[in-house]
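Each remark here refers to the structure printed beneath this line.
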Amino acid sequence: MRREDEPDLIRTAEQIADGVPIDWDARLHETPALGRALGGMRSLESIVAAHRAQLEPAGGGVAPLFAWGPLQVLEKLGAGSYGEVYRAWDPALQREVALKLRRAPGPRDDASGARRWLEEARRLARVRHPNVVTVLGAEVNAGRPGLWTELLAGHTLEDTLRSRGPLGAHEAAALGVEICRGLAAVHAAGLVHGDLTSTNVMRVGDAGAVAGAGRIVLTDFGAAVERGGMTGTAVTPLACAPEVLRGGPPTEAADVYALGVLLYRLVTHAYPVEAESLDSLRRAHERGARPTLRDRRADLPGGFVAAVERALSPDPAARYASAGAMESALVAHADHAASRAPEPSSPIAQAAPRQTRRILIAASVAIAVALGWIIYRDRVAREPAPTEPVAITASPAGPTSDEATRPEPSAATPAQAPSLAPRVEAVLYRSTGAGVEPLANGGSIRPGQRLFLDLETREPLHAYVLDEDAEGRVFVLFPVAGLDLANPIPAGEARLPGARGGAPIDWQVTSAGGRETILIVAARSPLATLEAAVADVPRAAEGRPVSYAELDAEALRRLRGVGGLAPGVPTEHGGALAELARTLARRVQQKGDLWIRQITLENPVP
Amino acid sequence: MTDPGRARETPAVPAERLESTAALLALVQGGDAAARERLVARYLPVLRRWARGRLPAAARGLSDTDDLVQVTLIRALDHVNDFELRREGAFLAYLRRILLNAMRDEVRRSVRRPGGDEVSADLADPGPSVLEQAIGRDLVERYEAALAELPEDHREAVILRVELGFTYPEIAEALGKPSSNAARMTVARALVRLSEALEKDET
């Protein structure tokens with residue numbers, strides 16, 4: 001039967017079209033055949049809900065239940081001990097919002113509580129981060145404190161866990177990385193989440209059918225903000241750090257602990273310490289006896305287990321010092337299995353011995369790689385020309401004879417959202433027979449010249465370097481197999497494409513491409529889309545050293561990578577790199593977690 | 001966080017429809033200026049509301065968008081005779097397409113900065129639309145791709161119901177269906193196909 005004729009699917013689609021909420025777990029239970037259509041149906045549900053949110057209030061169809069301050073309250077979505085949650089219309093923003101109304105302060109509540117709550121809520125409103133629910137406003141009206149946020153259409157991680165069962169380490173780590181980023185933004189604002197659990201993290205914009213898709217958003221700020229600083233408000237005890245259970249205040253370290261609990265739960269569907277009552281929970285924590293993550297999941301990679309266990313340390317000082325530190329530990333494991341490089345033996349990023357740029361440059365003349373790009377090494381060191389690097393090691397900016405070749409800041413302008421993007425400094429250098437010099441945008445290169453990239457980063461990063469010539473042929477310049485530098489690149493200073501046996505390798509320009517556009521991308525986690533996009537693209541490869549004097553102009557024009565390499569393969573569409581760059585830039589806009597530079601170099605055909 | 005469809009009781013276009021939109025369109029095609037004004041008055045609020053969801057969420061220049069919608073609508077009506085008008089649904093789907101293009105152009109113009117070839121200018125992006133902010137740009141793009149794959153009447157059904165909030169009787173009229181039940185079935189089938197196409201693009 002065609003899907004569009006299946007009654008169950010038709011009925012589900014009708015409900016989606018009419019905005020009737022669907023209990024997917026129950027629906028799946030009664031109609032197992034829905035399973036294969038589930039991903040598309042849930043995506044559809046998100047799409048329709050998002051459009052409805054745009055349509056309804058302006059359509060004037062819903063009479064508001066009541067007005068609260070600036071908002072028209074439309075519908076109750078939920079209630080709890082702390083108050084109620086409503087769908088409301090914000091006429092100023094012309095959009096639907098979620099309004100969390102606190103219960104009116106009672107006689108037992110601290111009189112200054114509401115004021116303190118308002119201050120904290122306003123501080124939270126200043127946190128603008130894709131992984132944190134956007135707070136649009138906070139006020140006290142008619143005696144009731146309220147906070148309104150963007151209205152999220154999605155599913156909680158607890159929903160995902162319920163419908164799919166325990167996750168794998170890669171997916172859990174990828175979620176952990178996103179959560180760490182959100183937590184870091186919250187902590188940077190001087191706030192703590194206070195009640196981080198699988199029910200308070202939402203995946204928005206995707207039905208969860210694709211691992212890692214959708215926006216991961218922290219919601220329901222517990223202890224401090226949303227619950228209004230009132231007495232008697234509860235957090236989720238099973239996710240509570242032992243020191244908070246003993247009555248301590250919520251802290252950043254307690255948020256790190258709660259993330260440990262959350263990750264533990266995502267891969268086991270259990271809590272690390274379980275108990276029937278608050279007292280027995282406290283006693284269990286005191287005994288310190290609990291099943292380790294390894295006990296429950298023997299199959300998980302050691303690094304991931306170690307990261308979770310460290311976050312779960314009873315002693316706050318033994319946990320990760322910050323959400324950012326925990327992110328660094330998780331990032332090595334956050335990946336789709338398909339695109340993974342061999343797993344590092346330890347998840348804890350090891351800081352590379354810090355080298356100075358001076359040393360890197362001095363060493364640069366030892367060997368060459370090639371690009372364009374072939375790899376070129378070994379005998380280069382023995383060639384007569386580039387044996388004396390010393391003269392240029394004094395200045396990181398390269399030879400001072402030609403100021404114009406210095407890379408100006410404009411040579412490679414950062415893409416948007418630098419605040420979230422990894423902090424990276426990158427300078428492309430050329431080695432010539434005469435020495436080493438930085439290359440600015442618009443600079444020119446010639447076949448035979450060797451290039452390398454000096455990359456400085458404060459955190460482990462995944463870097464990608466691509467090149468496109470005037471005819472649209474694309475090459476992957478980094479990562480290059482067989483060298484001792486691979487993703488993730490450790491914090492510190494690195495010289496790309498890498499080295500072998502301690503001897504740096506350079507890229508070598510092997511032919512005249514007319515114009516080379518070099519795209520450098522750095523991210524905290526592997527970029528699956530980019531890796532997939534360049535999977536079939538020729539890579540810089542090692543070749544024999546080339547004597548350019550022997551080549552005629554025609555060969556230079558025609559061949560990409562002489563010395564035993566095949567002609568370059570044109571990509572199907574010209575401008576593939578530009579397209580890729582645009583795609584990535586959109587991600588920068590959305591998530592701000594990428595760093596991109598583009599450098600265009602003339603490589604004139606003789 | 002969905003709502004069981006109360007808004008649907010209210011027609012998306014003003015209820016006092018003394019003449020059908022199809023009849024209005026025919027009059028406009030015949031050069032009736034008054035009919036043209038009535039048609040603009042009928043469509044403008046619907047299209048403006050639609051356009052706001054497609055705007056960058058950061059942009060608050062609502063009046064600019066309203067102008068853009070108005071200009072685009074009036075231009076489309078200038079060419080109404082070039083357009084082989086089969087039914088109102090087809091005309092609205094056509095309006096939606098040219099509006100999307102006009103808004104894209106407008107956004108591109110507004111973010112372009114002088115001094116050209118720097119990456120930042122080249123890659124500048126006004127940020128996600130309200131819709132993209134709600135469900136992610138990836139899903140919006142997949143939705144557009146899936147929508148493009150549907151047969152015309154199904155595509156129109158989705159646009160009318162999901163994007164423009166038409167009631168089933170309105171959809172029946174716009175698509176030339178015999179009853180609102182028939183319109184409801186067309187919408188449901190179209191959504192099932194759409195969900196199938198969404199799955200296919202999911203990778």
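In the structure tokens, the first chain shown is A, the next is B, and so on; residue numbers restart at 1 for each chain, and ligands run from 1 in the order shown.
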Legend entry - Members of range 82-289 of chain A assigned alpha helix (DSSP H) by DSSP, as a ChimeraX atom specification: /A:113-125,157-164,169-188,242-245,252-268,278-287
Inset, instruction - Using backbone DSSP assignments, extract all strand (DSSP E) residues from range 100-298 of chain A; output them as a list in words. - result: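 Here is the list: Lys100, Leu101, Arg102, Val135, Leu136, Gly137, Ala138, Glu139, Val140, Asn141, Arg144, Pro145, Gly146, Leu147, Trp148, Thr149, Glu150, Gly154, His155, Thr156, Val201, Met202, Arg203, Val204, Arg215, Ile216, Val217 and Leu218 of chain A.
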Could you pull the residues within 7 Å of range 245-253 of chain A, counting only C-alpha atoms, minus those fewer than 3 positions along the same chain, as a PDB file with N, CA and C atoms, in the first residue's frame?
```pdb
ATOM      1  N   HIS A 187      27.205  30.031  33.260  1.00  0.00           N
ATOM      2  CA  HIS A 187      28.169  30.296  34.326  1.00  0.00           C
ATOM      3  C   HIS A 187      28.880  31.617  34.090  1.00  0.00           C
ATOM      4  N   VAL A 192      23.959  29.811  37.932  1.00  0.00           N
ATOM      5  CA  VAL A 192      24.058  28.361  37.803  1.00  0.00           C
ATOM      6  C   VAL A 192      22.699  27.858  37.338  1.00  0.00           C
ATOM      7  N   GLY A 194      21.310  24.730  38.232  1.00  0.00           N
ATOM      8  CA  GLY A 194      20.702  24.287  39.475  1.00  0.00           C
ATOM      9  C   GLY A 194      19.798  23.077  39.381  1.00  0.00           C
ATOM     10  N   CYS A 240      21.116  15.502  42.010  1.00  0.00           N
ATOM     11  CA  CYS A 240      21.753  16.481  42.888  1.00  0.00           C
ATOM     12  C   CYS A 240      23.141  16.027  43.328  1.00  0.00           C
ATOM     13  N   ALA A 241      24.061  16.967  43.343  1.00  0.00           N
ATOM     14  CA  ALA A 241      25.387  16.666  43.870  1.00  0.00           C
ATOM     15  C   ALA A 241      25.270  16.432  45.366  1.00  0.00           C
ATOM     16  N   PRO A 242      26.108  15.554  45.929  1.00  0.00           N
ATOM     17  CA  PRO A 242      25.988  15.234  47.366  1.00  0.00           C
ATOM     18  C   PRO A 242      26.075  16.477  48.246  1.00  0.00           C
ATOM     19  N   VAL A 256      28.161  20.687  37.014  1.00  0.00           N
ATOM     20  CA  VAL A 256      29.032  19.701  36.355  1.00  0.00           C
ATOM     21  C   VAL A 256      28.654  18.290  36.818  1.00  0.00           C
ATOM     22  N   TYR A 257      28.390  18.147  38.120  1.00  0.00           N
ATOM     23  CA  TYR A 257      27.957  16.851  38.650  1.00  0.00           C
ATOM     24  C   TYR A 257      26.651  16.420  37.979  1.00  0.00           C
ATOM     25  N   ARG A 282      20.682  10.314  50.723  1.00  0.00           N
ATOM     26  CA  ARG A 282      21.819  10.930  51.415  1.00  0.00           C
ATOM     27  C   ARG A 282      22.742   9.852  51.979  1.00  0.00           C
ATOM     28  N   PRO A 316      33.731  18.101  45.078  1.00  0.00           N
ATOM     29  CA  PRO A 316      33.592  19.077  43.988  1.00  0.00           C
ATOM     30  C   PRO A 316      34.947  19.462  43.368  1.00  0.00           C
TER      31      PRO A 316
END
```
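What separates CA of Thr457 in chain A from CA of Ala522 in chain A is a distance of 9.6 Å.
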Inset, instruction - Excluding range 93-96 of chain B and any residue of its chain fewer than 6 positions from it, enumerate the residues within 10 Å of it, using only C-alpha atoms, and give them as number ranges by chain. - result: B: 47, 50-51, 69, 72-73, 76-77, 83, 102, 152-153, 155-160, 163-164
Residue selection dump (C-alpha atoms) as a PDB file, in the first residue's frame:
```pdb
ATOM      1  CA  LEU B  47       0.628  37.330   3.147  1.00  0.00           C
ATOM      2  CA  TRP B  50       3.137  34.693   6.444  1.00  0.00           C
ATOM      3  CA  ALA B  51       6.100  36.900   5.525  1.00  0.00           C
ATOM      4  CA  VAL B  69       4.718  42.237   0.523  1.00  0.00           C
ATOM      5  CA  THR B  72       5.266  42.191  -4.586  1.00  0.00           C
ATOM      6  CA  LEU B  73       1.551  41.519  -4.529  1.00  0.00           C
ATOM      7  CA  ALA B  76       2.163  40.030  -9.325  1.00  0.00           C
ATOM      8  CA  LEU B  77      -1.268  41.382 -10.104  1.00  0.00           C
ATOM      9  CA  PHE B  83      -0.277  33.695 -15.490  1.00  0.00           C
ATOM     10  CA  ALA B 102      11.778  39.021  -3.186  1.00  0.00           C
ATOM     11  CA  GLU B 152       1.072  20.825  -7.520  1.00  0.00           C
ATOM     12  CA  ASP B 153      -2.264  20.307  -5.813  1.00  0.00           C
ATOM     13  CA  ARG B 155       1.903  21.488  -2.555  1.00  0.00           C
ATOM     14  CA  GLU B 156      -0.915  24.020  -2.648  1.00  0.00           C
ATOM     15  CA  ALA B 157      -2.828  22.096   0.004  1.00  0.00           C
ATOM     16  CA  VAL B 158       0.162  22.198   2.357  1.00  0.00           C
ATOM     17  CA  ILE B 159       0.790  25.889   1.757  1.00  0.00           C
ATOM     18  CA  LEU B 160      -2.847  26.818   2.318  1.00  0.00           C
ATOM     19  CA  GLU B 163       1.515  28.168   6.061  1.00  0.00           C
ATOM     20  CA  LEU B 164      -1.517  30.355   5.472  1.00  0.00           C
TER      21      LEU B 164
END
```
Legend entry - Pick from B:His154, B:Asp32, B:Arg42, B:Ala90 nearest to Ala174 in chain B, counting only C-alpha atoms: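 Closest candidate: B:Ala90.
Once Leu278 in chain A and its same-chain neighbours fewer than 4 positions away are set aside, Pro237, Leu238, Leu245, Glu274, Arg282, Arg283 and Ala284 of chain A remain within 10 Å of it when counting only C-alpha atoms.
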Legend entry - Computed interatomic separation between CA of Ala26 in chain A and CA of Val204 in chain A (Å): 20.8 Å
